[in-house]
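For reference, my_file29.txt is printed below; it contains compact mmCIF, C-alpha atoms.
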# COMPACT_ATOMS: atom_id res chain seq x y z
CA GLY A 1 -7.83 -13.82 -13.85
CA ALA A 2 -4.17 -13.68 -12.91
CA GLY A 3 -4.34 -10.77 -10.47
CA VAL A 4 -5.97 -10.01 -7.12
CA SER A 5 -9.69 -9.50 -7.58
CA GLN A 6 -11.79 -7.34 -5.27
CA THR A 7 -15.55 -6.94 -5.18
CA PRO A 8 -17.47 -4.73 -5.16
CA SER A 9 -15.38 -2.05 -6.82
CA ASN A 10 -17.71 0.58 -5.37
CA LYS A 11 -20.06 0.42 -2.43
CA VAL A 12 -22.31 3.19 -1.16
CA THR A 13 -24.08 2.54 2.11
CA GLU A 14 -25.82 4.40 4.88
CA LYS A 15 -24.44 5.05 8.33
CA GLY A 16 -25.13 2.15 10.62
CA LYS A 17 -25.36 -0.51 7.90
CA TYR A 18 -23.28 -3.69 7.62
CA VAL A 19 -20.82 -4.11 4.74
CA GLU A 20 -18.81 -7.03 3.36
CA LEU A 21 -15.86 -6.61 1.00
CA ARG A 22 -14.42 -9.62 -0.80
CA CYS A 23 -10.89 -10.39 -1.93
CA ASP A 24 -9.82 -13.23 -4.24
CA PRO A 25 -6.00 -13.47 -4.09
CA ILE A 26 -3.58 -14.76 -6.69
CA SER A 27 -3.74 -18.54 -6.81
CA GLY A 28 -1.05 -20.10 -4.62
CA HIS A 29 -0.35 -16.99 -2.56
CA THR A 30 -0.46 -17.99 1.09
CA ALA A 31 -0.26 -14.48 2.55
CA LEU A 32 -3.17 -12.05 2.29
CA TYR A 33 -3.36 -8.48 3.54
CA TRP A 34 -6.02 -5.84 3.97
CA TYR A 35 -5.11 -2.16 3.86
CA ARG A 36 -7.21 0.98 4.02
CA GLN A 37 -6.34 4.07 1.98
CA SER A 38 -7.93 7.42 2.69
CA LEU A 39 -7.76 10.29 0.22
CA GLY A 40 -4.26 11.71 -0.02
CA GLN A 41 -2.80 9.06 2.28
CA GLY A 42 -0.78 5.91 1.86
CA PRO A 43 -2.24 2.46 2.52
CA GLU A 44 -2.75 1.79 6.24
CA PHE A 45 -2.26 -1.80 7.43
CA LEU A 46 -5.35 -3.51 8.82
CA ILE A 47 -4.77 -7.27 9.00
CA TYR A 48 -2.53 -10.03 7.66
CA PHE A 49 -3.43 -13.70 7.08
CA GLN A 50 -1.00 -16.56 6.65
CA GLY A 51 -3.18 -19.39 5.42
CA THR A 52 -6.49 -19.42 7.26
CA GLY A 53 -5.38 -17.67 10.42
CA ALA A 54 -5.00 -13.97 11.14
CA ALA A 55 -1.32 -13.68 11.98
CA ASP A 56 -1.50 -9.96 12.77
CA ASP A 57 -4.72 -7.98 13.22
CA SER A 58 -3.14 -5.08 15.06
CA GLY A 59 -4.28 -2.56 12.43
CA LEU A 60 -8.01 -3.15 12.78
CA PRO A 61 -9.28 0.16 14.18
CA ASN A 62 -11.96 -1.27 16.50
CA ASP A 63 -14.24 -4.24 17.04
CA ARG A 64 -16.60 -3.14 14.27
CA PHE A 65 -14.03 -4.49 11.80
CA PHE A 66 -13.52 -8.20 11.30
CA ALA A 67 -11.95 -10.31 8.55
CA VAL A 68 -12.03 -14.01 7.73
CA ARG A 69 -10.28 -16.36 5.36
CA PRO A 70 -11.93 -19.71 6.11
CA GLU A 71 -10.31 -21.86 3.41
CA GLY A 72 -7.02 -20.06 3.06
CA SER A 73 -7.92 -18.40 -0.23
CA VAL A 74 -10.79 -15.89 -0.51
CA SER A 75 -11.07 -13.36 2.30
CA THR A 76 -13.95 -11.17 3.43
CA LEU A 77 -13.57 -7.92 5.36
CA LYS A 78 -16.67 -7.21 7.41
CA ILE A 79 -17.61 -3.81 8.82
CA GLN A 80 -20.50 -3.51 11.26
CA ARG A 81 -22.42 -0.33 12.10
CA THR A 82 -20.59 1.67 9.48
CA GLU A 83 -19.62 5.26 10.22
CA ARG A 84 -18.85 8.13 7.85
CA GLY A 85 -15.22 7.93 8.92
CA ASP A 86 -15.03 4.42 7.46
CA SER A 87 -15.24 5.88 3.96
CA ALA A 88 -12.04 4.95 2.14
CA VAL A 89 -10.59 2.59 -0.45
CA TYR A 90 -10.05 -0.86 1.02
CA LEU A 91 -7.13 -2.58 -0.68
CA CYS A 92 -6.37 -6.26 -0.62
CA ALA A 93 -2.93 -7.67 -1.43
CA SER A 94 -1.46 -11.15 -1.60
CA SER A 95 2.09 -12.48 -1.65
CA LEU A 96 4.18 -15.64 -1.55
CA THR A 97 5.37 -15.79 2.08
CA ASP A 98 7.05 -12.37 2.48
CA GLY A 99 8.22 -10.01 -0.23
CA GLU A 100 6.36 -8.24 -3.02
CA LEU A 101 2.76 -7.37 -2.34
CA PHE A 102 0.38 -7.73 -5.29
CA PHE A 103 -2.55 -5.38 -4.84
CA GLY A 104 -6.06 -5.46 -6.21
CA GLU A 105 -7.73 -2.31 -7.49
CA GLY A 106 -9.57 -1.81 -4.23
CA SER A 107 -13.13 -1.46 -3.03
CA ARG A 108 -14.19 2.15 -2.70
CA LEU A 109 -16.54 2.46 0.29
CA THR A 110 -18.69 5.55 0.80
CA VAL A 111 -20.75 5.84 3.96
CA LEU A 112 -23.47 8.49 3.74
CA GLN B 1 5.31 11.18 14.71
CA LYS B 2 4.55 8.77 11.89
CA GLU B 3 6.90 5.83 11.38
CA VAL B 4 7.39 6.86 7.75
CA GLU B 5 7.36 10.46 6.54
CA GLN B 6 6.93 11.39 2.89
CA ASP B 7 6.25 14.78 1.33
CA PRO B 8 2.89 14.48 -0.47
CA GLY B 9 3.80 17.05 -3.14
CA PRO B 10 2.51 17.54 -5.74
CA LEU B 11 5.75 17.61 -7.70
CA SER B 12 5.56 18.91 -11.26
CA VAL B 13 8.51 18.54 -13.65
CA PRO B 14 9.06 18.85 -17.41
CA GLU B 15 9.56 15.77 -19.53
CA GLY B 16 13.18 14.58 -19.46
CA ALA B 17 13.91 15.95 -15.97
CA ILE B 18 15.54 13.95 -13.20
CA VAL B 19 13.11 13.37 -10.36
CA SER B 20 14.12 12.83 -6.74
CA LEU B 21 11.64 11.37 -4.27
CA ASN B 22 12.46 10.84 -0.61
CA CYS B 23 11.26 9.35 2.65
CA THR B 24 12.49 9.39 6.21
CA TYR B 25 11.65 6.86 8.87
CA SER B 26 12.04 6.40 12.60
CA ASN B 27 12.06 2.61 13.13
CA SER B 28 15.65 1.37 13.04
CA ALA B 29 14.38 -2.23 12.72
CA PHE B 30 13.24 -1.67 9.13
CA GLN B 31 15.37 -3.80 6.81
CA TYR B 32 13.36 -4.02 3.59
CA PHE B 33 12.70 -0.86 1.59
CA MET B 34 10.35 -0.59 -1.34
CA TRP B 35 8.92 1.91 -3.78
CA TYR B 36 5.45 1.39 -5.16
CA ARG B 37 3.79 3.32 -7.99
CA GLN B 38 0.06 3.96 -7.91
CA TYR B 39 -1.96 5.29 -10.82
CA SER B 40 -5.27 6.97 -10.16
CA ARG B 41 -7.98 4.53 -9.05
CA LYS B 42 -5.58 1.58 -9.26
CA GLY B 43 -3.78 -0.50 -6.65
CA PRO B 44 -0.09 0.13 -5.91
CA GLU B 45 2.46 -1.86 -7.94
CA LEU B 46 6.02 -2.61 -6.87
CA LEU B 47 8.77 -0.63 -8.62
CA MET B 48 11.90 -1.27 -6.56
CA TYR B 49 12.81 -3.55 -3.66
CA THR B 50 16.05 -3.26 -1.67
CA TYR B 51 17.43 -4.90 1.41
CA SER B 52 19.41 -2.88 3.96
CA SER B 53 21.65 -0.03 2.81
CA GLY B 54 22.98 0.66 -0.66
CA ASN B 55 21.88 1.44 -4.19
CA LYS B 56 19.87 -0.50 -6.71
CA GLU B 57 19.32 0.44 -10.34
CA ASP B 58 16.65 -0.77 -12.74
CA GLY B 59 16.47 1.02 -16.06
CA ARG B 60 15.62 4.68 -15.46
CA PHE B 61 14.99 4.07 -11.75
CA THR B 62 17.56 4.10 -8.93
CA ALA B 63 16.75 3.41 -5.29
CA GLN B 64 19.07 4.46 -2.48
CA VAL B 65 18.94 3.51 1.18
CA ASP B 66 20.95 5.24 3.91
CA LYS B 67 20.15 3.42 7.13
CA SER B 68 22.49 5.58 9.19
CA SER B 69 20.35 8.61 8.33
CA LYS B 70 17.08 6.67 8.11
CA TYR B 71 16.56 8.13 4.66
CA ILE B 72 15.60 6.52 1.36
CA SER B 73 15.38 7.96 -2.13
CA LEU B 74 14.07 7.09 -5.55
CA PHE B 75 15.54 8.77 -8.62
CA ILE B 76 13.84 8.75 -12.00
CA ARG B 77 16.00 9.68 -15.00
CA ASP B 78 14.61 11.00 -18.29
CA SER B 79 11.13 11.30 -16.79
CA GLN B 80 8.19 10.64 -19.09
CA PRO B 81 4.54 11.75 -18.95
CA SER B 82 3.68 8.10 -18.32
CA ASP B 83 5.62 8.36 -15.04
CA SER B 84 2.89 10.68 -13.72
CA ALA B 85 1.51 8.84 -10.70
CA THR B 86 1.73 8.68 -6.91
CA TYR B 87 4.94 7.15 -5.60
CA LEU B 88 4.73 5.39 -2.24
CA CYS B 89 7.73 4.42 -0.16
CA ALA B 90 7.25 1.35 2.01
CA MET B 91 9.25 -0.54 4.61
CA SER B 92 9.17 -3.65 6.73
CA GLU B 93 11.21 -5.35 9.42
CA ALA B 94 13.26 -8.49 8.83
CA GLY B 95 10.97 -11.46 9.28
CA GLY B 96 8.02 -9.14 9.58
CA PHE B 97 5.03 -9.17 7.29
CA LYS B 98 3.57 -5.78 8.07
CA THR B 99 4.60 -3.30 5.39
CA ILE B 100 4.31 0.34 6.42
CA PHE B 101 3.68 2.92 3.71
CA GLY B 102 4.42 6.61 3.42
CA ALA B 103 1.69 9.04 2.42
CA GLY B 104 2.83 9.04 -1.21
CA THR B 105 4.17 11.82 -3.44
CA ARG B 106 2.09 12.86 -6.43
CA LEU B 107 4.26 13.37 -9.50
CA PHE B 108 3.23 15.16 -12.68
CA VAL B 109 5.53 15.01 -15.72
CA LYS B 110 4.56 17.59 -18.32
CA ALA B 111 5.10 16.92 -22.03
If you convert what's in this file into structure tokens, what do you get?
Amino acid sequence: GAGVSQTPSNKVTEKGKYVELRCDPISGHTALYWYRQSLGQGPEFLIYFQGTGAADDSGLPNDRFFAVRPEGSVSTLKIQRTERGDSAVYLCASSLTDGELFFGEGSRLTVL
Amino acid sequence: QKEVEQDPGPLSVPEGAIVSLNCTYSNSAFQYFMWYRQYSRKGPELLMYTYSSGNKEDGRFTAQVDKSSKYISLFIRDSQPSDSATYLCAMSEAGGFKTIFGAGTRLFVKA
């Protein structure tokens, strides 16, 4: 597909479980971003990759959150020991260097 | 205080009305100003992108930036029911890659 693809679209898990969310960016986009959007709020920055490296991870809320992009394309956001407060829509976006962000439809995470 | 403040609404207007959406911000280093539109259960999509102060027009949409007041606006002329969505303002610093979003304003345009 031509757009940013995120899987799963919905994930329900239990408190304390481990979760992985995947993002497949637009081909050729070197920059990749993860945002988190809670109900009634705007997207909140989590982490930004330029190529394979995390150029800015200042938005990750704590050490339970980790993201990788080993080959400079697909990225995985990993959440350990999930908490109910982690419930949100996790949005991935990609872009060519800086400029317009192209978002996926998000992964809706519910922690019971 | 949040870096970007935006009234969440909701804002309900009749079809054909002129809509005004606004954001204020506190970081004087912001240089790029954007408006994104987000439909329910979809990702945001870029509507308007402006650099520094001034106006930019694209069809029924006009974006204004007043850096002296740290205030940005989006105007929608001849609003349509299909414009019903959440409108997010967003900003970033020159050379920066972190885009900061407002909370979004929910807009309903009634036929």
Per-residue nearest contacts of region 42-110 of chain A to region 85-99 of chain B (12 Å; all atoms listed in the file) as JSON lines:
{"residue": "A:Gly42", "atom": "CA", "partner": "B:Leu88", "partner_atom": "CA", "distance": 6.9}
{"residue": "A:Pro43", "atom": "CA", "partner": "B:Leu88", "partner_atom": "CA", "distance": 8.9}
{"residue": "A:Glu44", "atom": "CA", "partner": "B:Thr99", "partner_atom": "CA", "distance": 9.0}
{"residue": "A:Phe45", "atom": "CA", "partner": "B:Lys98", "partner_atom": "CA", "distance": 7.1}
{"residue": "A:Leu46", "atom": "CA", "partner": "B:Lys98", "partner_atom": "CA", "distance": 9.2}
{"residue": "A:Ile47", "atom": "CA", "partner": "B:Lys98", "partner_atom": "CA", "distance": 8.5}
{"residue": "A:Tyr48", "atom": "CA", "partner": "B:Lys98", "partner_atom": "CA", "distance": 7.4}
{"residue": "A:Phe49", "atom": "CA", "partner": "B:Phe97", "partner_atom": "CA", "distance": 9.6}
{"residue": "A:Gln50", "atom": "CA", "partner": "B:Phe97", "partner_atom": "CA", "distance": 9.6}
{"residue": "A:Ala54", "atom": "CA", "partner": "B:Phe97", "partner_atom": "CA", "distance": 11.8}
{"residue": "A:Ala55", "atom": "CA", "partner": "B:Phe97", "partner_atom": "CA", "distance": 9.1}
{"residue": "A:Asp56", "atom": "CA", "partner": "B:Lys98", "partner_atom": "CA", "distance": 8.1}
{"residue": "A:Asp57", "atom": "CA", "partner": "B:Lys98", "partner_atom": "CA", "distance": 10.0}
{"residue": "A:Ser58", "atom": "CA", "partner": "B:Lys98", "partner_atom": "CA", "distance": 9.7}
{"residue": "A:Gly59", "atom": "CA", "partner": "B:Lys98", "partner_atom": "CA", "distance": 9.5}
{"residue": "A:Ala93", "atom": "CA", "partner": "B:Thr99", "partner_atom": "CA", "distance": 11.1}
{"residue": "A:Ser94", "atom": "CA", "partner": "B:Phe97", "partner_atom": "CA", "distance": 11.2}
{"residue": "A:Ser95", "atom": "CA", "partner": "B:Phe97", "partner_atom": "CA", "distance": 10.0}
{"residue": "A:Leu96", "atom": "CA", "partner": "B:Phe97", "partner_atom": "CA", "distance": 11.0}
{"residue": "A:Thr97", "atom": "CA", "partner": "B:Phe97", "partner_atom": "CA", "distance": 8.4}
{"residue": "A:Asp98", "atom": "CA", "partner": "B:Phe97", "partner_atom": "CA", "distance": 6.1}
{"residue": "A:Gly99", "atom": "CA", "partner": "B:Phe97", "partner_atom": "CA", "distance": 8.2}
{"residue": "A:Glu100", "atom": "CA", "partner": "B:Thr99", "partner_atom": "CA", "distance": 9.9}
{"residue": "A:Leu101", "atom": "CA", "partner": "B:Thr99", "partner_atom": "CA", "distance": 8.9}
As a PyMOL selection string, please: the residues near Thr110 (chain A) (cut-off 7 Å, only C-alpha atoms, same-chain neighbours under 3 positions excluded). chain A and resi 11-13+87-88
Can you check which residues of chain A have any atom within 6 Å of chain B? Use only C-alpha atoms and format it as a PyMOL selection string. chain A and resi 41-42+103-105
Write out as a ChimeraX atom specification the residues lying within 8 Å of Ser9 (chain A), counting only C-alpha atoms and excluding same-chain residues fewer than 3 positions away. /A:6,105-108
Take the residues just selected and output them with C-alpha atoms as a CSV table (one decimal), in the coordinates of the input.
chain,number,residue,atom,x,y,z
A,6,GLN,CA,-11.8,-7.3,-5.3
A,105,GLU,CA,-7.7,-2.3,-7.5
A,106,GLY,CA,-9.6,-1.8,-4.2
A,107,SER,CA,-13.1,-1.5,-3.0
A,108,ARG,CA,-14.2,2.2,-2.7
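Counting from CA of Val13 (chain B), the distance to CA of Phe33 (chain B) is 25.0 Å.
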Atom pair CA of Val109 (chain B) + CA of Thr24 (chain B), distance 23.7 Å
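Taking CA of Arg60 (chain B) and CA of Arg77 (chain B) as endpoints, the distance between them is 5.0 Å.
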Near-Asn27 (chain B) list (9 Å; all atoms listed in the file; drop same-chain fewer than 6 positions) as a tab-separated table (two decimals) with C-alpha atoms, in the frame of the given file:
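The result, stored in result36.tsv:
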chain	number	residue	atom	x	y	z
B	3	GLU	CA	6.90	5.83	11.38
B	4	VAL	CA	7.39	6.86	7.75
B	70	LYS	CA	17.08	6.67	8.11
B	93	GLU	CA	11.21	-5.35	9.42
Could you check which of B:Lys67, B:Lys110, B:Arg37, B:Lys56 is closest to Leu11 (chain B), using only C-alpha atoms?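 Closest to Leu11 (chain B) of all the choices is B:Lys110.
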Point out the residue among B:Ser68, B:Ser12, B:Thr62, B:Gln1 with the least atom-to-atom distance to Phe108 (chain B), counting only C-alpha atoms.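 Of the candidates, the smallest distance to Phe108 (chain B) is held by B:Ser12.
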Using only C-alpha atoms, which residues sit within 12 Å of Gly53 (chain A) once same-chain residues fewer than 4 positions away are excluded, as an mmCIF file with C-alpha atoms, in the coordinates of the input?
data_model
loop_
_atom_site.group_PDB
_atom_site.id
_atom_site.type_symbol
_atom_site.label_atom_id
_atom_site.label_comp_id
_atom_site.auth_asym_id
_atom_site.auth_seq_id
_atom_site.Cartn_x
_atom_site.Cartn_y
_atom_site.Cartn_z
ATOM 1 C CA THR A 30 -0.460 -17.990 1.090
ATOM 2 C CA ALA A 31 -0.260 -14.480 2.550
ATOM 3 C CA LEU A 32 -3.170 -12.050 2.290
ATOM 4 C CA TYR A 33 -3.360 -8.480 3.540
ATOM 5 C CA ILE A 47 -4.770 -7.270 9.000
ATOM 6 C CA TYR A 48 -2.530 -10.030 7.660
ATOM 7 C CA PHE A 49 -3.430 -13.700 7.080
ATOM 8 C CA ASP A 57 -4.720 -7.980 13.220
ATOM 9 C CA ALA A 67 -11.950 -10.310 8.550
ATOM 10 C CA VAL A 68 -12.030 -14.010 7.730
ATOM 11 C CA ARG A 69 -10.280 -16.360 5.360
ATOM 12 C CA PRO A 70 -11.930 -19.710 6.110
ATOM 13 C CA GLU A 71 -10.310 -21.860 3.410
ATOM 14 C CA GLY A 72 -7.020 -20.060 3.060
ATOM 15 C CA SER A 73 -7.920 -18.400 -0.230
ATOM 16 C CA SER A 75 -11.070 -13.360 2.300
#
Would you list the contacts of Ile79 (chain A) as a count of residues only, taking every protein, DNA or RNA residue within 9 Å and counting only C-alpha atoms, but skipping same-chain residues closer than 6 positions in sequence? 11
Tell me which of A:Cys23, A:Leu112, A:Val4, A:Val89 sits closest to Tyr35 (chain A), counting only C-alpha atoms.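 Smallest separation from Tyr35 (chain A) among the options: A:Val89.
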Restricting the calculation to all atoms listed in the file, which member of B:Asn55, B:Asp66, B:Ser28, B:Phe61 is positioned closest to Asp83 (chain B)?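 So, comparing all the options, the nearest one is B:Phe61.
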